[in-house]
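A.B. asks: Sharing a structure, written as structure tokens. Questions coming.
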Amino acid sequence: MDRRIVLATGNAGKLKEIREIFSGIDVGIVAQSDFGTPEAIEDGLSFVENAIIKARNAAAHTGLSALSDDSGIEVDALNGEPGIHSARYAGNDESNIQRLLRELDGLPDSKRTARFQCVMVYLRHANDPVPVIAQGAWEGRILQAPQGEGGFGYDPVFYVPERGCSAAELSSEDKNTLSHRGKALHQMLDALASSYS
């Protein structure tokens, strides 16, 4: 049995987080970019659909089991936007944050509630008819301005009530415990532990 799982992303931040959380089991997490895998066309209508599309693409191109996630931030005042479009909201991390802050300009803190969502999918092979699916959510609100240097994506403007700071100000250990991706990954780890023990 190949002890590698291909991760269907080119995002170095996600790769680092996932490797840290999966360090307790005997499996190697490898990036799809190591295989020259083309990016999947994310044309699903939900986080689940996009995660499955990405996992099938990675498994088909590498012949390995695949793990993918689709995640994003839902802002209540924007009817759940940017949601599945979070990564492509305005082009890159910095412009995504600036657009989000413009959209919420003038709203008080009480109206800036938001959550990160993450859906993770594991496929044993490209045609696996029974994907393993895990999901995690992280409640918070959007700050008036970025704070902190860590993390990636929307972390600098996501306020974490449990810690009184932005997600970008958390240690990686703290973030892995609290975050949407951390919650989904720990669920996934529990589901896969017997297969890779």
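Ordered as shown in the structure tokens, chains take letters A, B, and onward, while each chain numbers its residues from 1 and ligands are numbered from 1 in the order shown.
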Please provide the set of residues having any atom within 9 Å of Glu169 (chain A), restricted to only C-alpha atoms, with same-chain residues fewer than 4 positions apart removed, written as a count of residues only.

C.D. replies: 8

A.B. asks: Give me, as a ChimeraX atom specification, all polymer residues having an atom no more than 8 Å from region 65-70 of chain A, counting only C-alpha atoms and skipping those fewer than 3 positions away in the same chain.

C.D. replies: /A:4-9,47-48,50-52,54-56,58-59,84,118-126

A.B. asks: Rounded to one decimal in Å, what is the spacing between CA of Ile25 (chain A) and CA of Ala12 (chain A)?

C.D. replies: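 Atom-to-atom, CA of Ile25 (chain A) and CA of Ala12 (chain A) are spaced 20.5 Å apart.
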
A.B. asks: Could you give me the residues within region 48-152 of chain A that DSSP places in strand (DSSP E), as a PyMOL selection string?

C.D. replies: chain A and resi 65-75+113-123+132-142

A.B. asks: Find the residues around Asp93 (chain A) up to 8 Å (only C-alpha atoms counted), leave out those fewer than 4 positions away in its own chain, and share them as number ranges by chain.

C.D. replies: A: 87, 97, 152-154

A.B. asks: Smallest atom-to-atom distance to Arg19 (chain A): which of A:Arg141, A:Ile41, A:Asp109, A:Ala31, using only C-alpha atoms?

C.D. replies: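 Among A:Arg141, A:Ile41, A:Asp109, A:Ala31, it is A:Ala31 that comes nearest to Arg19 (chain A).
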
A.B. asks: Name the residues in contact with Val75 (chain A) at a cut-off of 7 Å, using only C-alpha atoms, excluding same-chain residues fewer than 5 positions from it; report them as a list of chain:residue names.

C.D. replies: A:Gly80, A:Glu81, A:Thr113, A:Ala114, A:Arg115

A.B. asks: Contacts of Gly140 (chain A) at 9 Å or less, counting only C-alpha atoms, minus same-chain residues fewer than 6 places along, as a tab-separated table (two decimals) with N, CA and C atoms, in the first residue's frame?

C.D. replies:
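As a result, around.tsv now contains:
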chain	number	residue	atom	x	y	z
A	112	ARG	N	-20.97	42.53	11.84
A	112	ARG	CA	-19.87	42.00	11.02
A	112	ARG	C	-19.60	40.52	11.31
A	113	THR	N	-20.63	39.80	11.77
A	113	THR	CA	-20.47	38.39	12.09
A	113	THR	C	-20.15	37.58	10.83
A	114	ALA	N	-19.31	36.57	11.03
A	114	ALA	CA	-18.85	35.77	9.90
A	114	ALA	C	-18.35	34.42	10.42
A	115	ARG	N	-18.15	33.51	9.49
A	115	ARG	CA	-17.55	32.24	9.86
A	115	ARG	C	-16.74	31.71	8.69
A	116	PHE	N	-15.67	31.02	9.04
A	116	PHE	CA	-14.94	30.23	8.07
A	116	PHE	C	-15.61	28.87	7.99
A	158	PHE	N	-10.05	38.38	10.45
A	158	PHE	CA	-11.01	37.51	11.12
A	158	PHE	C	-10.73	37.53	12.62
A	159	TYR	N	-11.68	38.10	13.38
A	159	TYR	CA	-11.55	38.22	14.83
A	159	TYR	C	-12.00	36.93	15.51
A	160	VAL	N	-11.15	36.43	16.40
A	160	VAL	CA	-11.41	35.17	17.11
A	160	VAL	C	-11.85	35.51	18.54
A	161	PRO	N	-13.16	35.42	18.84
A	161	PRO	CA	-13.64	35.83	20.16
A	161	PRO	C	-12.98	35.09	21.32
A	162	GLU	N	-12.70	33.79	21.13
A	162	GLU	CA	-12.12	32.99	22.23
A	162	GLU	C	-10.74	33.50	22.65

A.B. asks: Would you mind listing what lies within 6 Å of Met188 (chain A) as an mmCIF file with C-alpha atoms, in the first residue's frame, with only C-alpha atoms counted and same-chain residues fewer than 3 positions away left out?

C.D. replies:
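Saved as result.cif:
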data_model
loop_
_atom_site.group_PDB
_atom_site.id
_atom_site.type_symbol
_atom_site.label_atom_id
_atom_site.label_comp_id
_atom_site.auth_asym_id
_atom_site.auth_seq_id
_atom_site.Cartn_x
_atom_site.Cartn_y
_atom_site.Cartn_z
ATOM 1 C CA ALA A 134 -15.448 16.046 7.092
ATOM 2 C CA LEU A 185 -8.801 17.799 9.615
ATOM 3 C CA ALA A 191 -11.736 8.658 10.033
#

A.B. asks: I want to know what sits within 9 Å of Lys183 (chain A), based on only C-alpha atoms, with residues of the same chain fewer than 5 positions away left out; could you give that as a VMD selection string?

C.D. replies: chain A and resid 118 134 to 138 176 to 178 188
